[in-house]
Amino acid sequence: MEHKSKTCGENLRNQDVLNEDRISDLPEGLLMQILSSLATKNVIATSVLSKRWRSLWKKVPSIKFDSWYHKTEPHRFSEIVYKSLLSYNSPVLDSFYLVDICVSEVSDDITIWIGIAFARHVRKLVLKLLLDEKYYGNLIRFPSVFCNCNNTLDTLEISKLFLLDFPSRVGLKSLKKLHLSYANFRDDESVCNLLCGCPSLEDLVVQRRGSYDGVITFTIAVPSLQRLTIVDTFRGTCRGGYAINAPSLKYLNIKGVGLLSFSLFRTQRTESYGFCLIENAPELVEAKITGFTDINLHNENIFVSLTSAKRLSFDFSPFKIKCPTGITFYQLVSLELNTRKSEWSILLARMLDSSPKLQILKFVNNVYLYHDNKVSTFPLAGEWEQRPKCVPECLLFHLETLVWTGYIWDRKDDREVATYILKNARHLKKATFYTEPIQLEYFQTLEEKHEMLNELASVVRASSSCHLVFESSN
């Protein structure tokens with residue numbers, strides 16, 4: 001009996017521990033941090049927990065609405081957003097998110113919500129709307145009046161369905177991060193007035209479809225800019241392009257699938273192709289230019305803006321260029337080239353000659369598939385006829401790592417380049433070749449592959465310490 005009473009007492013104490021509200025005893029600052037990471041629907045729901053929590057949600061400096069909340073209570077969505085914005089007691093609104101919300105449900109109120117957010121000194125504003133079949137209106141004009149003099153906004157992300165019309169220069173003095181995902185500008189002047197009015201801007205992402213929105217020259221003249229990403233999904237010839245003047249730029253990433261022509265001329269522009277003028281980027285550390293179906297580089301001057309880079313990645317096709325003779329990449333230590341594009345080996349030869357300190361060389365071919373016992377390749381234009389006349393300095397003294405992803409073992413061009421590097425790279429420590437796996441039923445092809453890889457492995461290497469590795473790609 002005594003044992004039973006003791007057991008019951010322990011069970012009651014354990015139940016008390018389980019029922020104990022430990023989270024309510026946490027400091028308010030920590031609770032604010034926890035609640036700020038939640039969607040607003042969950043934050044408001046905490047108001048029923050206890051007396052202390054009844055008004056706690058009003059102090060949370062973050063408002064986040066997503067498609068889930070919108071779908072569960074569409075008839076009350078606008079009312080809930082107004083209530084949230086007007087009920088908050090926090091002196092500064094850290095963030096205001098409207099993500100994946102149907103534009104038909106918010107088009108009448110969203111400019112007012114943006115105004116309230118600015119009045120509450122919002123620091124991060126994220127607006128990503130969805131077009132639905134119920135909406136037949138025009139683009140939503142972003143209220144530029146709130147941008148005339150603002151000292152608190154740190155991050156701004158705007159997606160499609162918004163029209164950005166800035167007739168005069170904005171005053172977003174604290175803005176450091178700006179993401180424009182297919183947002184529509186009224187004209188060239190609006191682009192300049194926005195970007196020139198952000199003296200602290202460090203990170204800019206631009207996604208657009210050429211001059212689809214009416215902008216001819218997308219001018220990026222931002223002295224403070226350090227990171228720039230341009231993704232242009234326009235297909236076909238276009239009349240517009242980009243002009244970049246960013247003396248503090250360190251990281252550049254340009255992706256495109258349309259016809260794009262690069263030039264560094266300050267006055268001359270291409271009429272039938274898009275253009276990209278990189279006028280000033282002396283601090284550039286890393287540049288990645290990929291994804292174009294056609295690039296017509298009028299002259300080698302494009303490389304002048306890249307000579308300070310330590311890491312470069314190129315993916316051009318077809319590569320019509322007077323290769324960069326007379327230009328030296330003194331700081332380049334890592335180079336990546338895509339080998340599935342035409343004439344890549346010509347660029348390789350010139351880059352090896354022009355990069356005396358190159359340590360890491362990467363080749364990428366992500367389009368290689370086997371069909372009916374044969375490899376489907378993208379052959380180069382003939383043999384590697386334009387190999388360096390003399391062994392480049394980087395191979396003699398600096399190259400340590402070679403990584404070839406998508407090495408096509410039965411393509412002569414690949415074997416020639418691989419053999420040349422192995423025979424001449426005196427300080428090469430490791431060379432890794434990733435090849436497409438072959439099914440066991442294709443026994444003859446498998447034997448041919450092993451024979452050719454063994455042939456490559458038997459090449460007399462300039463570096464006695466070079467470790468050669470063959471791997472199958474996943």
# chains A, B, ... in the order shown; residues from 1 in each chain; ligands from 1
call {"tool": "residues_around", "arguments": {"residues": "stretch 154-166 of chain A", "least_positions_apart": "4", "cutoff": "9 Å", "atoms": "only C-alpha atoms", "output": "ChimeraX atom specification"}}
result
/A:95,103,122-131,138-145,170,172-187,189-194,201
call {"tool": "residues_around", "arguments": {"residues": "stretch 420-424 of chain A", "least_positions_apart": "3", "cutoff": "8 Å", "atoms": "only C-alpha atoms", "output": "list of chain:residue names"}}
result
A:Val391, A:Leu395, A:Leu396, A:Glu416, A:Val417, A:Leu428, A:Val459, A:Val460, A:Arg461, A:Ala462, A:Ser463
call {"tool": "select_by_dssp", "arguments": {"residues": "stretch 103-277 of chain A", "states": "alpha helix (DSSP H)", "output": "JSON, numbers by chain"}}
result
{"A": [103, 104, 105, 106, 110, 111, 112, 113, 114, 115, 116, 117, 118, 119, 188, 189, 190, 191, 192, 193, 194, 195]}
call {"tool": "residues_around", "arguments": {"residues": "A:Ser224", "least_positions_apart": "5", "cutoff": "7 Å", "atoms": "only C-alpha atoms", "output": "list in words"}}
result
Pro199, Ser200, Leu201, Glu202 and Ser248 of chain A
call {"tool": "write_last_selection", "arguments": {"atoms": "C-alpha atoms", "output": "PDB file, in the first residue's frame"}}
result
ATOM      1  CA  PRO A 199      24.197  54.931 -51.562  1.00  0.00           C
ATOM      2  CA  SER A 200      24.657  51.902 -49.246  1.00  0.00           C
ATOM      3  CA  LEU A 201      23.565  49.179 -51.689  1.00  0.00           C
ATOM      4  CA  GLU A 202      25.861  46.124 -51.550  1.00  0.00           C
ATOM      5  CA  SER A 248      33.572  48.209 -55.456  1.00  0.00           C
TER       6      SER A 248
END
call {"tool": "residues_around", "arguments": {"residues": "A:Lys430", "least_positions_apart": "2", "cutoff": "6 Å", "atoms": "only C-alpha atoms", "output": "PyMOL selection string"}}
result
chain A and resi 401+428+466-468
call {"tool": "residues_around", "arguments": {"residues": "stretch 117-121 of chain A", "least_positions_apart": "2", "cutoff": "9 Å", "atoms": "only C-alpha atoms", "output": "number ranges by chain"}}
result
A: 85, 90-96, 112-115, 123, 125, 146-147, 150-153
call {"tool": "closest_residue", "arguments": {"among": "A:Pro223, A:Gly406, A:Pro437, A:Gly326", "to": "A:Asn338", "atoms": "only C-alpha atoms"}}
result
A:Gly406
call {"tool": "atom_distance", "arguments": {"atom1": "atom CA of A:Gly240", "atom2": "atom CA of A:Leu195"}}
result
18.0 Å
call {"tool": "atom_distance", "arguments": {"atom1": "atom CA of A:Asp108", "atom2": "atom CA of A:Val215"}}
result
26.8 Å
call {"tool": "closest_residue", "arguments": {"among": "A:Asn253, A:Gln331, A:Asn89, A:Ser472", "to": "A:Glu283", "atoms": "only C-alpha atoms"}}
result
A:Gln331
call {"tool": "select_by_dssp", "arguments": {"residues": "stretch 90-229 of chain A", "states": "strand (DSSP E or B)", "output": "PyMOL selection string"}}
result
chain A and resi 95-102+124-130+140-141+150+155-159+162-164+172+177-181+184-185+203-208+217-221+227-229
call {"tool": "write_last_selection", "arguments": {"atoms": "C-alpha atoms", "output": "PDB file, in the first residue's frame"}}
result
ATOM      1  CA  SER A  95      10.140  42.642 -41.598  1.00  0.00           C
ATOM      2  CA  PHE A  96       6.918  42.546 -43.605  1.00  0.00           C
ATOM      3  CA  TYR A  97       6.395  39.546 -45.920  1.00  0.00           C
ATOM      4  CA  LEU A  98       3.654  38.954 -48.479  1.00  0.00           C
ATOM      5  CA  VAL A  99       4.705  35.754 -50.255  1.00  0.00           C
ATOM      6  CA  ASP A 100       2.765  33.766 -52.884  1.00  0.00           C
ATOM      7  CA  ILE A 101      -0.432  35.751 -52.328  1.00  0.00           C
ATOM      8  CA  CYS A 102      -2.933  36.013 -55.200  1.00  0.00           C
ATOM      9  CA  LYS A 124      12.889  44.298 -44.622  1.00  0.00           C
ATOM     10  CA  LEU A 125      10.088  44.357 -47.186  1.00  0.00           C
ATOM     11  CA  VAL A 126       9.351  41.250 -49.296  1.00  0.00           C
ATOM     12  CA  LEU A 127       6.550  41.384 -51.880  1.00  0.00           C
ATOM     13  CA  LYS A 128       5.979  38.302 -54.053  1.00  0.00           C
ATOM     14  CA  LEU A 129       2.527  38.116 -55.598  1.00  0.00           C
ATOM     15  CA  LEU A 130       0.916  35.462 -57.787  1.00  0.00           C
ATOM     16  CA  ILE A 140       0.379  47.486 -59.274  1.00  0.00           C
ATOM     17  CA  ARG A 141       2.263  50.765 -59.039  1.00  0.00           C
ATOM     18  CA  ASN A 150      13.978  56.656 -45.744  1.00  0.00           C
ATOM     19  CA  THR A 155      16.293  44.864 -47.628  1.00  0.00           C
ATOM     20  CA  LEU A 156      13.764  45.157 -50.458  1.00  0.00           C
ATOM     21  CA  GLU A 157      12.533  42.232 -52.576  1.00  0.00           C
ATOM     22  CA  ILE A 158       9.961  42.910 -55.291  1.00  0.00           C
ATOM     23  CA  SER A 159       8.619  40.446 -57.834  1.00  0.00           C
ATOM     24  CA  PHE A 162       4.650  45.601 -59.745  1.00  0.00           C
ATOM     25  CA  LEU A 163       5.351  48.705 -61.811  1.00  0.00           C
ATOM     26  CA  LEU A 164       8.358  50.687 -60.601  1.00  0.00           C
ATOM     27  CA  LEU A 172      16.819  54.852 -49.544  1.00  0.00           C
ATOM     28  CA  LYS A 177      20.084  44.378 -50.391  1.00  0.00           C
ATOM     29  CA  LEU A 178      17.794  44.756 -53.421  1.00  0.00           C
ATOM     30  CA  HIS A 179      16.228  41.816 -55.294  1.00  0.00           C
ATOM     31  CA  LEU A 180      14.141  42.572 -58.386  1.00  0.00           C
ATOM     32  CA  SER A 181      12.470  39.446 -59.750  1.00  0.00           C
ATOM     33  CA  ASN A 184       8.587  46.101 -64.363  1.00  0.00           C
ATOM     34  CA  PHE A 185      10.261  49.502 -64.677  1.00  0.00           C
ATOM     35  CA  ASP A 203      23.853  43.220 -53.003  1.00  0.00           C
ATOM     36  CA  LEU A 204      21.770  43.525 -56.185  1.00  0.00           C
ATOM     37  CA  VAL A 205      19.884  40.703 -57.952  1.00  0.00           C
ATOM     38  CA  VAL A 206      18.112  41.500 -61.225  1.00  0.00           C
ATOM     39  CA  GLN A 207      15.876  38.968 -62.984  1.00  0.00           C
ATOM     40  CA  ARG A 208      14.193  40.119 -66.174  1.00  0.00           C
ATOM     41  CA  THR A 217      19.582  50.385 -71.091  1.00  0.00           C
ATOM     42  CA  PHE A 218      19.510  48.939 -67.595  1.00  0.00           C
ATOM     43  CA  THR A 219      22.160  51.135 -65.978  1.00  0.00           C
ATOM     44  CA  ILE A 220      23.771  49.910 -62.767  1.00  0.00           C
ATOM     45  CA  ALA A 221      25.929  52.765 -61.474  1.00  0.00           C
ATOM     46  CA  ARG A 227      27.604  41.602 -55.349  1.00  0.00           C
ATOM     47  CA  LEU A 228      25.705  41.635 -58.626  1.00  0.00           C
ATOM     48  CA  THR A 229      23.585  38.887 -60.188  1.00  0.00           C
TER      49      THR A 229
END
call {"tool": "residues_around", "arguments": {"residues": "A:Lys310", "least_positions_apart": "2", "cutoff": "9 Å", "atoms": "only C-alpha atoms", "output": "MDAnalysis selection string"}}
result
chainID A and resid 284:287 307:308 312 329:335 358
call {"tool": "write_last_selection", "arguments": {"atoms": "all heavy atoms", "output": "short mmCIF file (atom, residue, chain, number, x, y, z; two decimals), in the first residue's frame"}}
result
data_model
loop_
_atom_site.label_atom_id
_atom_site.label_comp_id
_atom_site.auth_asym_id
_atom_site.auth_seq_id
_atom_site.Cartn_x
_atom_site.Cartn_y
_atom_site.Cartn_z
N LEU A 284 37.09 43.38 -58.66
CA LEU A 284 36.42 42.11 -58.92
C LEU A 284 37.27 40.92 -58.45
O LEU A 284 38.45 40.82 -58.76
CB LEU A 284 36.12 41.97 -60.40
CG LEU A 284 35.12 40.87 -60.79
CD1 LEU A 284 33.75 41.17 -60.21
CD2 LEU A 284 35.04 40.75 -62.30
N VAL A 285 36.64 40.02 -57.68
CA VAL A 285 37.30 38.83 -57.16
C VAL A 285 36.82 37.57 -57.89
O VAL A 285 37.61 36.69 -58.21
CB VAL A 285 37.05 38.67 -55.64
CG1 VAL A 285 37.61 37.35 -55.13
CG2 VAL A 285 37.65 39.84 -54.87
N GLU A 286 35.52 37.50 -58.16
CA GLU A 286 34.95 36.30 -58.78
C GLU A 286 33.90 36.68 -59.81
O GLU A 286 33.05 37.55 -59.55
CB GLU A 286 34.33 35.41 -57.70
CG GLU A 286 33.70 34.13 -58.23
CD GLU A 286 33.19 33.24 -57.11
OE1 GLU A 286 33.78 33.24 -56.02
OE2 GLU A 286 32.19 32.53 -57.34
N ALA A 287 33.95 36.03 -60.97
CA ALA A 287 32.96 36.29 -62.02
C ALA A 287 32.53 34.99 -62.64
O ALA A 287 33.35 34.11 -62.93
CB ALA A 287 33.54 37.22 -63.09
N THR A 307 40.38 41.11 -65.24
CA THR A 307 41.78 40.76 -64.98
C THR A 307 42.14 40.73 -63.50
O THR A 307 43.12 40.11 -63.12
CB THR A 307 42.71 41.75 -65.69
OG1 THR A 307 42.34 43.09 -65.34
CG2 THR A 307 42.64 41.58 -67.20
N SER A 308 41.34 41.37 -62.65
CA SER A 308 41.65 41.37 -61.21
C SER A 308 41.05 40.16 -60.50
O SER A 308 41.34 39.92 -59.32
CB SER A 308 41.12 42.64 -60.55
OG SER A 308 39.70 42.67 -60.59
N LEU A 312 37.25 32.56 -62.03
CA LEU A 312 36.44 32.83 -63.22
C LEU A 312 35.75 31.55 -63.68
O LEU A 312 36.33 30.46 -63.58
CB LEU A 312 37.30 33.37 -64.37
CG LEU A 312 37.87 34.78 -64.22
CD1 LEU A 312 38.79 35.10 -65.39
CD2 LEU A 312 36.77 35.81 -64.12
N PHE A 329 46.00 37.69 -66.51
CA PHE A 329 45.21 37.53 -65.29
C PHE A 329 46.17 37.16 -64.15
O PHE A 329 46.30 36.00 -63.78
CB PHE A 329 44.15 36.45 -65.49
CG PHE A 329 43.17 36.74 -66.59
CD1 PHE A 329 43.46 36.42 -67.91
CD2 PHE A 329 41.95 37.35 -66.31
CE1 PHE A 329 42.56 36.71 -68.92
CE2 PHE A 329 41.04 37.64 -67.32
CZ PHE A 329 41.35 37.31 -68.63
N TYR A 330 46.83 38.16 -63.62
CA TYR A 330 47.89 37.92 -62.64
C TYR A 330 47.38 37.30 -61.34
O TYR A 330 48.13 36.62 -60.65
CB TYR A 330 48.63 39.23 -62.32
CG TYR A 330 49.56 39.68 -63.42
CD1 TYR A 330 49.26 40.79 -64.21
CD2 TYR A 330 50.75 38.99 -63.67
CE1 TYR A 330 50.10 41.20 -65.22
CE2 TYR A 330 51.60 39.41 -64.68
CZ TYR A 330 51.28 40.51 -65.45
OH TYR A 330 52.13 40.91 -66.46
N GLN A 331 46.11 37.54 -61.00
CA GLN A 331 45.59 37.06 -59.72
C GLN A 331 44.71 35.82 -59.86
O GLN A 331 44.24 35.28 -58.86
CB GLN A 331 44.79 38.17 -59.03
CG GLN A 331 45.61 39.41 -58.74
CD GLN A 331 44.85 40.40 -57.89
OE1 GLN A 331 44.59 40.16 -56.72
NE2 GLN A 331 44.46 41.52 -58.48
N LEU A 332 44.49 35.35 -61.08
CA LEU A 332 43.59 34.22 -61.29
C LEU A 332 44.20 32.93 -60.76
O LEU A 332 45.27 32.50 -61.18
CB LEU A 332 43.28 34.07 -62.78
CG LEU A 332 42.20 33.05 -63.13
CD1 LEU A 332 40.86 33.47 -62.58
CD2 LEU A 332 42.11 32.85 -64.65
N VAL A 333 43.47 32.28 -59.82
CA VAL A 333 43.94 31.02 -59.24
C VAL A 333 42.99 29.86 -59.57
O VAL A 333 43.37 28.70 -59.46
CB VAL A 333 44.11 31.12 -57.71
CG1 VAL A 333 45.22 32.10 -57.36
CG2 VAL A 333 42.80 31.50 -57.03
N SER A 334 41.75 30.17 -59.99
CA SER A 334 40.77 29.12 -60.29
C SER A 334 40.01 29.47 -61.56
O SER A 334 39.46 30.57 -61.68
CB SER A 334 39.80 28.95 -59.12
OG SER A 334 38.82 27.97 -59.41
N LEU A 335 39.98 28.52 -62.51
CA LEU A 335 39.29 28.73 -63.78
C LEU A 335 38.39 27.54 -64.06
O LEU A 335 38.81 26.39 -63.95
CB LEU A 335 40.30 28.89 -64.92
CG LEU A 335 39.72 28.96 -66.34
CD1 LEU A 335 38.86 30.20 -66.52
CD2 LEU A 335 40.84 28.91 -67.38
N LEU A 358 47.68 30.28 -62.10
CA LEU A 358 46.52 29.39 -62.01
C LEU A 358 46.87 28.12 -61.24
O LEU A 358 47.85 27.44 -61.54
CB LEU A 358 46.06 29.02 -63.42
CG LEU A 358 44.73 28.26 -63.51
CD1 LEU A 358 43.57 29.13 -63.05
CD2 LEU A 358 44.50 27.76 -64.94
#
